[in-house]
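Chemist: This is the content of my_file-v2.txt (compact mmCIF, C-alpha atoms):
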```txt
# COMPACT_ATOMS: atom_id res chain seq x y z
CA MET A 26 -42.42 63.31 102.52
CA LYS A 27 -41.94 66.03 99.93
CA GLN A 28 -44.34 68.93 99.75
CA LEU A 29 -46.51 69.05 96.64
CA LYS A 30 -45.64 71.87 94.24
CA ALA A 31 -48.27 74.01 92.55
CA GLY A 32 -46.26 73.87 89.30
CA VAL A 33 -46.56 70.09 89.17
CA LEU A 34 -50.32 70.34 89.61
CA ALA A 35 -50.56 73.04 86.93
CA GLY A 36 -48.53 70.86 84.55
CA ILE A 37 -50.81 67.88 85.15
CA PHE A 38 -53.84 70.10 84.61
CA LEU A 39 -52.50 71.49 81.32
CA ILE A 40 -51.36 68.14 79.92
CA ALA A 41 -54.67 66.48 80.83
CA GLY A 42 -56.54 69.44 79.34
CA VAL A 43 -54.71 69.30 76.01
CA LEU A 44 -55.08 65.51 75.77
CA SER A 45 -58.76 65.72 76.68
CA TRP A 46 -59.40 68.46 74.14
CA ALA A 47 -57.68 66.43 71.41
CA GLY A 48 -59.53 63.29 72.47
CA ALA A 49 -62.86 65.13 72.44
CA ARG A 50 -62.19 66.40 68.91
CA LEU A 51 -61.29 62.92 67.72
CA TRP A 52 -64.21 61.25 69.48
CA ASN A 53 -66.66 63.83 68.14
CA ALA A 54 -65.38 63.30 64.60
CA TYR A 55 -66.21 59.58 64.77
CA GLY A 56 -69.32 59.58 66.94
CA ASN A 57 -71.09 61.26 69.82
CA LEU A 58 -69.01 62.71 72.59
CA PRO A 59 -69.92 61.19 75.97
CA GLY A 60 -71.51 63.65 78.34
CA VAL A 61 -70.02 65.25 81.42
CA PRO A 62 -71.95 63.83 84.39
CA LEU A 63 -73.71 66.20 86.75
CA ALA A 64 -72.19 64.20 89.62
CA ALA A 65 -68.63 65.24 88.67
CA PRO A 66 -68.68 68.74 90.22
CA VAL A 67 -70.77 67.47 93.15
CA VAL A 68 -68.30 64.71 94.05
CA LEU A 69 -65.34 67.07 93.70
CA ALA A 70 -67.06 69.64 95.92
CA VAL A 71 -67.73 66.98 98.58
CA ILE A 72 -64.06 65.95 98.51
CA ALA A 73 -63.04 69.61 98.88
CA ALA A 74 -65.38 69.96 101.86
CA VAL A 75 -63.95 66.85 103.53
CA LEU A 76 -60.39 68.10 102.99
CA LEU A 77 -61.25 71.53 104.37
CA ALA A 78 -63.04 70.08 107.41
CA THR A 79 -60.07 67.82 108.11
CA ALA A 80 -57.64 70.73 107.80
CA LEU A 81 -59.66 72.96 110.13
CA SER A 82 -60.06 70.18 112.69
CA LEU A 83 -56.37 69.31 112.66
CA ARG A 84 -55.37 72.96 112.82
CA SER A 85 -57.45 73.59 115.93
CA ARG A 86 -56.20 70.40 117.58
CA LEU A 87 -52.57 71.25 116.78
CA LYS A 88 -53.03 74.77 118.11
CA ALA A 89 -54.50 73.42 121.36
CA GLN A 90 -51.65 70.92 121.59
CA ARG A 91 -49.03 73.66 121.09
CA GLU A 92 -50.64 75.86 123.71
CA ARG A 93 -50.76 72.86 126.07
CA ARG A 94 -54.38 73.39 126.98
CA PRO A 95 -55.61 71.01 129.67
CA GLY A 96 -57.69 68.21 128.19
CA ALA A 97 -56.60 69.06 124.64
CA LYS A 98 -56.83 66.13 122.29
CA GLY A 99 -53.52 65.89 120.44
CA VAL A 100 -52.81 64.73 116.92
CA GLU A 101 -51.11 61.41 116.40
CA PRO A 102 -48.20 61.65 113.94
CA LEU A 103 -49.51 58.73 111.89
CA MET A 104 -52.90 60.43 111.53
CA ALA A 105 -51.21 63.61 110.33
CA ALA A 106 -49.12 61.61 107.85
CA ARG A 107 -52.22 59.86 106.53
CA SER A 108 -53.95 63.21 106.16
CA VAL A 109 -51.04 64.54 104.11
CA VAL A 110 -51.10 61.48 101.86
CA PHE A 111 -54.86 61.90 101.41
CA ALA A 112 -54.36 65.57 100.57
CA GLN A 113 -51.59 64.91 98.06
CA ALA A 114 -53.47 62.10 96.34
CA SER A 115 -56.63 64.21 96.19
CA ALA A 116 -54.75 67.17 94.70
CA LEU A 117 -53.07 65.04 92.03
CA VAL A 118 -56.32 63.33 91.01
CA ALA A 119 -58.23 66.62 91.09
CA ALA A 120 -55.65 68.25 88.80
CA LEU A 121 -55.99 65.35 86.37
CA VAL A 122 -59.80 65.28 86.46
CA ALA A 123 -60.16 69.08 86.29
CA GLY A 124 -57.80 69.15 83.33
CA ALA A 125 -59.78 66.45 81.56
CA TYR A 126 -63.08 68.25 82.11
CA GLY A 127 -61.44 71.57 81.25
CA GLY A 128 -60.26 70.24 77.89
CA THR A 129 -63.70 68.83 77.18
CA GLY A 130 -65.27 72.14 78.20
CA VAL A 131 -62.99 74.10 75.87
CA PHE A 132 -63.90 71.77 73.03
CA LEU A 133 -67.60 72.24 73.75
CA LEU A 134 -67.17 76.02 73.82
CA MET A 135 -65.29 75.99 70.52
CA ASP A 136 -67.82 73.62 68.94
CA GLY A 137 -70.65 76.01 69.68
CA LEU A 138 -73.32 76.23 72.32
CA ASP A 139 -76.35 76.25 70.00
CA VAL A 140 -77.57 72.90 71.29
CA PRO A 141 -78.95 73.09 74.85
CA ALA A 142 -77.44 69.71 75.76
CA ARG A 143 -73.98 70.92 74.74
CA ARG A 144 -74.51 74.10 76.75
CA ASP A 145 -75.35 72.02 79.84
CA GLN A 146 -72.30 69.82 79.27
CA ALA A 147 -70.05 72.89 79.03
CA LEU A 148 -71.56 74.22 82.27
CA TYR A 149 -70.96 70.91 84.09
CA ALA A 150 -67.39 70.83 82.77
CA GLY A 151 -66.76 74.39 83.98
CA LEU A 152 -68.21 73.61 87.40
CA SER A 153 -66.01 70.51 87.55
CA VAL A 154 -62.93 72.62 86.89
CA LEU A 155 -63.93 75.03 89.67
CA ALA A 156 -64.63 72.18 92.09
CA GLY A 157 -61.29 70.59 91.15
CA ALA A 158 -59.56 73.88 91.94
CA ALA A 159 -61.33 73.88 95.31
CA VAL A 160 -60.04 70.36 96.00
CA ILE A 161 -56.50 71.45 95.13
CA ALA A 162 -56.73 74.54 97.35
CA ALA A 163 -58.13 72.55 100.29
CA ALA A 164 -55.50 69.82 99.82
CA LEU A 165 -52.65 72.33 99.80
CA PHE A 166 -54.12 73.95 102.92
CA LEU A 167 -54.32 70.58 104.68
CA GLU A 168 -50.75 69.81 103.67
CA ARG A 169 -49.64 73.16 105.08
CA VAL A 170 -51.50 72.56 108.35
CA CYS A 171 -49.74 69.21 108.82
CA ARG A 172 -46.29 70.57 107.99
CA LEU A 173 -43.68 70.06 110.70
CA PRO A 174 -42.34 73.30 112.18
CA GLU A 175 -38.91 74.34 110.96
CA ASP A 176 -36.22 75.23 113.45
CA GLY A 177 -37.00 78.93 113.01
CA ASP A 178 -40.78 78.36 113.22
CA ASP A 179 -40.73 76.73 116.68
CA THR A 180 -43.18 78.67 118.83
CA ASP A 181 -42.52 77.06 122.21
CA GLY A 182 -38.89 78.18 122.39
CA ALA A 183 -37.42 74.68 122.33
CA SER A 184 -35.08 75.53 119.45
CA ARG A 185 -33.87 78.64 121.26
CA ALA A 186 -33.25 76.59 124.40
CA ARG A 187 -31.05 74.17 122.45
CA ALA A 188 -28.86 76.98 121.07
```
Please express what this file holds, its structure, as structure tokens.

Modeler:
Amino acid sequence: MKQLKAGVLAGIFLIAGVLSWAGARLWNAYGNLPGVPLAAPVVLAVIAAVLLATALSLRSRLKAQRERRPGAKGVEPLMAARSVVFAQASALVAALVAGAYGGTGVFLLMDGLDVPARRDQALYAGLSVLAGAAVIAAALFLERVCRLPEDGDDTDGASRARA
């Protein structure tokens, strides 16, 4: 499984942001722009918390497994693989959603914040972008925790014993 690149996520964020900004301009020209839900940053923050909790749990279990502590609960390879898939999918979706809310937020900022409802929508969009960044950071951390050790990164000396 290939490691997710930050450049790919930044590209998705930027493309979604530009398309969302253009769509918001077009939609606003022909009617009322739909609002940014308050639940958007909350849901993204919950996903970031789940990813972070999973990463911290797996990291401690992997550390105990490497140190061969008695009674240490190991990590099944399939569980680690599923965690990486969850992290990568979450990061990709978060980049897309954060870009969409970012583009909408930029449009709202450019349109003016005289109306209190628009000001609230811009705030929710900004919080969604921040929560999306938190999801991406937690997902990349989880992916790094589940990474297989390279030959030079082997801490138990097995690679040195083979040489």

Chemist: Tell me which residues come within 12 Å of (-52.2, 65.6, 105.1), as a PDB file with C-alpha atoms, in the frame of the given file, counting only C-alpha atoms in the file's coordinates.

Modeler:
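selection03.pdb, freshly written:
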```
ATOM      1  CA  MET A  26     -42.420  63.310 102.520  1.00  0.00           C
ATOM      2  CA  LYS A  27     -41.940  66.030  99.930  1.00  0.00           C
ATOM      3  CA  GLN A  28     -44.340  68.930  99.750  1.00  0.00           C
ATOM      4  CA  LEU A  29     -46.510  69.050  96.640  1.00  0.00           C
ATOM      5  CA  VAL A  75     -63.950  66.850 103.530  1.00  0.00           C
ATOM      6  CA  LEU A  76     -60.390  68.100 102.990  1.00  0.00           C
ATOM      7  CA  LEU A  77     -61.250  71.530 104.370  1.00  0.00           C
ATOM      8  CA  ALA A  78     -63.040  70.080 107.410  1.00  0.00           C
ATOM      9  CA  THR A  79     -60.070  67.820 108.110  1.00  0.00           C
ATOM     10  CA  ALA A  80     -57.640  70.730 107.800  1.00  0.00           C
ATOM     11  CA  LEU A  81     -59.660  72.960 110.130  1.00  0.00           C
ATOM     12  CA  SER A  82     -60.060  70.180 112.690  1.00  0.00           C
ATOM     13  CA  LEU A  83     -56.370  69.310 112.660  1.00  0.00           C
ATOM     14  CA  ARG A  84     -55.370  72.960 112.820  1.00  0.00           C
ATOM     15  CA  VAL A 100     -52.810  64.730 116.920  1.00  0.00           C
ATOM     16  CA  PRO A 102     -48.200  61.650 113.940  1.00  0.00           C
ATOM     17  CA  LEU A 103     -49.510  58.730 111.890  1.00  0.00           C
ATOM     18  CA  MET A 104     -52.900  60.430 111.530  1.00  0.00           C
ATOM     19  CA  ALA A 105     -51.210  63.610 110.330  1.00  0.00           C
ATOM     20  CA  ALA A 106     -49.120  61.610 107.850  1.00  0.00           C
ATOM     21  CA  ARG A 107     -52.220  59.860 106.530  1.00  0.00           C
ATOM     22  CA  SER A 108     -53.950  63.210 106.160  1.00  0.00           C
ATOM     23  CA  VAL A 109     -51.040  64.540 104.110  1.00  0.00           C
ATOM     24  CA  VAL A 110     -51.100  61.480 101.860  1.00  0.00           C
ATOM     25  CA  PHE A 111     -54.860  61.900 101.410  1.00  0.00           C
ATOM     26  CA  ALA A 112     -54.360  65.570 100.570  1.00  0.00           C
ATOM     27  CA  GLN A 113     -51.590  64.910  98.060  1.00  0.00           C
ATOM     28  CA  ALA A 114     -53.470  62.100  96.340  1.00  0.00           C
ATOM     29  CA  SER A 115     -56.630  64.210  96.190  1.00  0.00           C
ATOM     30  CA  ALA A 116     -54.750  67.170  94.700  1.00  0.00           C
ATOM     31  CA  ALA A 163     -58.130  72.550 100.290  1.00  0.00           C
ATOM     32  CA  ALA A 164     -55.500  69.820  99.820  1.00  0.00           C
ATOM     33  CA  LEU A 165     -52.650  72.330  99.800  1.00  0.00           C
ATOM     34  CA  PHE A 166     -54.120  73.950 102.920  1.00  0.00           C
ATOM     35  CA  LEU A 167     -54.320  70.580 104.680  1.00  0.00           C
ATOM     36  CA  GLU A 168     -50.750  69.810 103.670  1.00  0.00           C
ATOM     37  CA  ARG A 169     -49.640  73.160 105.080  1.00  0.00           C
ATOM     38  CA  VAL A 170     -51.500  72.560 108.350  1.00  0.00           C
ATOM     39  CA  CYS A 171     -49.740  69.210 108.820  1.00  0.00           C
ATOM     40  CA  ARG A 172     -46.290  70.570 107.990  1.00  0.00           C
ATOM     41  CA  LEU A 173     -43.680  70.060 110.700  1.00  0.00           C
TER      42      LEU A 173
END
```

Chemist: From the list A:Val154, A:Leu117, A:Ala31, A:Ala74, which residue is nearest A:Val131 when using all atoms listed in the file?

Modeler: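 The closest residue to A:Val131 is A:Val154.
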
Chemist: Can you report as AutoDock Vina command-line options the centre and edge lengths in Å, to one decimal, of an axis-aligned box around the listed atoms of stretch 64-83 of chain A padded with 6 Å on each side?

Modeler:
```
--center_x -64.3 --center_y 68.6 --center_z 100.7 --size_x 27.8 --size_y 20.8 --size_z 36.0
```

Chemist: Counting only C-alpha atoms, which of A:Leu133, A:Ala142, A:Ala41, A:Ala125 gets nearest to A:Ala65?

Modeler: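 For A:Ala65, the nearest of the candidates is A:Ala125.
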
Chemist: Between A:Leu51, A:Leu39, A:Ala123, A:Ala89, single out the one closest to A:Leu152, counting all atoms listed in the file.

Modeler: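 When distances to A:Leu152 are compared using all atoms listed in the file, the smallest one comes from A:Ala123.
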
Chemist: Please identify all polymer residues within 9 Å of A:Val67, counting all atoms listed in the file, omitting same-chain residues fewer than 4 positions from it, and present them as a PDB file with C-alpha atoms, in the coordinates of the input.

Modeler:
```
ATOM      1  CA  LEU A  63     -73.710  66.200  86.750  1.00  0.00           C
ATOM      2  CA  VAL A  71     -67.730  66.980  98.580  1.00  0.00           C
ATOM      3  CA  ILE A  72     -64.060  65.950  98.510  1.00  0.00           C
ATOM      4  CA  LEU A 152     -68.210  73.610  87.400  1.00  0.00           C
ATOM      5  CA  SER A 153     -66.010  70.510  87.550  1.00  0.00           C
ATOM      6  CA  ALA A 156     -64.630  72.180  92.090  1.00  0.00           C
TER       7      ALA A 156
END
```

Chemist: Name the residues in contact with A:Thr129 at a cut-off of 9 Å, using only C-alpha atoms, excluding same-chain residues fewer than 2 positions from it; report them as JSON, numbers by chain.

Modeler: {"A": [42, 45, 46, 47, 48, 49, 50, 61, 124, 125, 126, 127, 131, 132, 133, 134, 146, 147, 150]}

Chemist: Have a look at A:Ala64, A:Val140, A:Ala119, A:Val43 and name the one nearest to A:Ala158; count only C-alpha atoms.

Modeler: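 Looking only at the distances to A:Ala158, the closest residue turns out to be A:Ala119.
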
Chemist: Go ahead and compute the interatomic distance for atom CA of A:Ala35 and atom CA of A:Ala159, in Å to one decimal.

Modeler: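 Atom-to-atom, atom CA of A:Ala35 to atom CA of A:Ala159, that is 13.7 Å.
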
Chemist: Enter the distance from atom CA of A:Met135 to atom CA of A:Leu121, in Å, rounded to one decimal.

Modeler: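 According to the coordinates, atom CA of A:Met135 and atom CA of A:Leu121 are separated by 21.2 Å.
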
Chemist: Report the distance between atom CA of A:Gln90 and atom CA of A:Ala73 in Å, rounded to one decimal place.

Modeler: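 Atom CA of A:Ala73 lies 25.4 Å from atom CA of A:Gln90.
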
Chemist: Got a minute to add N, CA and C atoms to stretch 60-79 of chain A and dump it as a PDB file, keeping the file's coordinate frame?

Modeler:
```
ATOM      1  N   GLY A  60     -71.179  62.470  77.560  1.00  0.00           N
ATOM      2  CA  GLY A  60     -71.510  63.650  78.340  1.00  0.00           C
ATOM      3  C   GLY A  60     -70.711  63.763  79.629  1.00  0.00           C
ATOM      4  N   VAL A  61     -70.637  64.986  80.124  1.00  0.00           N
ATOM      5  CA  VAL A  61     -70.020  65.250  81.420  1.00  0.00           C
ATOM      6  C   VAL A  61     -71.110  65.025  82.468  1.00  0.00           C
ATOM      7  N   PRO A  62     -70.893  64.113  83.413  1.00  0.00           N
ATOM      8  CA  PRO A  62     -71.950  63.830  84.390  1.00  0.00           C
ATOM      9  C   PRO A  62     -72.158  64.982  85.361  1.00  0.00           C
ATOM     10  N   LEU A  63     -73.379  65.175  85.771  1.00  0.00           N
ATOM     11  CA  LEU A  63     -73.710  66.200  86.750  1.00  0.00           C
ATOM     12  C   LEU A  63     -73.048  65.882  88.096  1.00  0.00           C
ATOM     13  N   ALA A  64     -72.787  64.610  88.344  1.00  0.00           N
ATOM     14  CA  ALA A  64     -72.190  64.200  89.620  1.00  0.00           C
ATOM     15  C   ALA A  64     -70.722  64.624  89.733  1.00  0.00           C
ATOM     16  N   ALA A  65     -70.063  64.912  88.630  1.00  0.00           N
ATOM     17  CA  ALA A  65     -68.630  65.240  88.670  1.00  0.00           C
ATOM     18  C   ALA A  65     -68.341  66.457  89.553  1.00  0.00           C
ATOM     19  N   PRO A  66     -68.989  67.612  89.337  1.00  0.00           N
ATOM     20  CA  PRO A  66     -68.680  68.740  90.220  1.00  0.00           C
ATOM     21  C   PRO A  66     -69.166  68.513  91.650  1.00  0.00           C
ATOM     22  N   VAL A  67     -70.241  67.739  91.803  1.00  0.00           N
ATOM     23  CA  VAL A  67     -70.770  67.470  93.150  1.00  0.00           C
ATOM     24  C   VAL A  67     -69.776  66.635  93.952  1.00  0.00           C
ATOM     25  N   VAL A  68     -69.260  65.581  93.352  1.00  0.00           N
ATOM     26  CA  VAL A  68     -68.300  64.710  94.050  1.00  0.00           C
ATOM     27  C   VAL A  68     -67.030  65.481  94.374  1.00  0.00           C
ATOM     28  N   LEU A  69     -66.537  66.274  93.437  1.00  0.00           N
ATOM     29  CA  LEU A  69     -65.340  67.070  93.700  1.00  0.00           C
ATOM     30  C   LEU A  69     -65.573  68.082  94.818  1.00  0.00           C
ATOM     31  N   ALA A  70     -66.748  68.688  94.855  1.00  0.00           N
ATOM     32  CA  ALA A  70     -67.060  69.640  95.920  1.00  0.00           C
ATOM     33  C   ALA A  70     -67.134  68.946  97.282  1.00  0.00           C
ATOM     34  N   VAL A  71     -67.673  67.732  97.319  1.00  0.00           N
ATOM     35  CA  VAL A  71     -67.730  66.980  98.580  1.00  0.00           C
ATOM     36  C   VAL A  71     -66.316  66.644  99.052  1.00  0.00           C
ATOM     37  N   ILE A  72     -65.452  66.247  98.142  1.00  0.00           N
ATOM     38  CA  ILE A  72     -64.060  65.950  98.510  1.00  0.00           C
ATOM     39  C   ILE A  72     -63.375  67.210  99.039  1.00  0.00           C
ATOM     40  N   ALA A  73     -63.624  68.343  98.409  1.00  0.00           N
ATOM     41  CA  ALA A  73     -63.040  69.610  98.880  1.00  0.00           C
ATOM     42  C   ALA A  73     -63.553  69.936 100.283  1.00  0.00           C
ATOM     43  N   ALA A  74     -64.828  69.699 100.537  1.00  0.00           N
ATOM     44  CA  ALA A  74     -65.380  69.960 101.860  1.00  0.00           C
ATOM     45  C   ALA A  74     -64.770  69.053 102.922  1.00  0.00           C
ATOM     46  N   VAL A  75     -64.572  67.786 102.584  1.00  0.00           N
ATOM     47  CA  VAL A  75     -63.950  66.850 103.530  1.00  0.00           C
ATOM     48  C   VAL A  75     -62.513  67.273 103.830  1.00  0.00           C
ATOM     49  N   LEU A  76     -61.770  67.648 102.792  1.00  0.00           N
ATOM     50  CA  LEU A  76     -60.390  68.100 102.990  1.00  0.00           C
ATOM     51  C   LEU A  76     -60.338  69.358 103.858  1.00  0.00           C
ATOM     52  N   LEU A  77     -61.230  70.290 103.601  1.00  0.00           N
ATOM     53  CA  LEU A  77     -61.250  71.530 104.370  1.00  0.00           C
ATOM     54  C   LEU A  77     -61.636  71.267 105.824  1.00  0.00           C
ATOM     55  N   ALA A  78     -62.633  70.417 106.048  1.00  0.00           N
ATOM     56  CA  ALA A  78     -63.040  70.080 107.410  1.00  0.00           C
ATOM     57  C   ALA A  78     -61.904  69.385 108.167  1.00  0.00           C
ATOM     58  N   THR A  79     -61.206  68.497 107.484  1.00  0.00           N
ATOM     59  CA  THR A  79     -60.070  67.820 108.110  1.00  0.00           C
ATOM     60  C   THR A  79     -58.974  68.815 108.455  1.00  0.00           C
TER      61      THR A  79
END
```
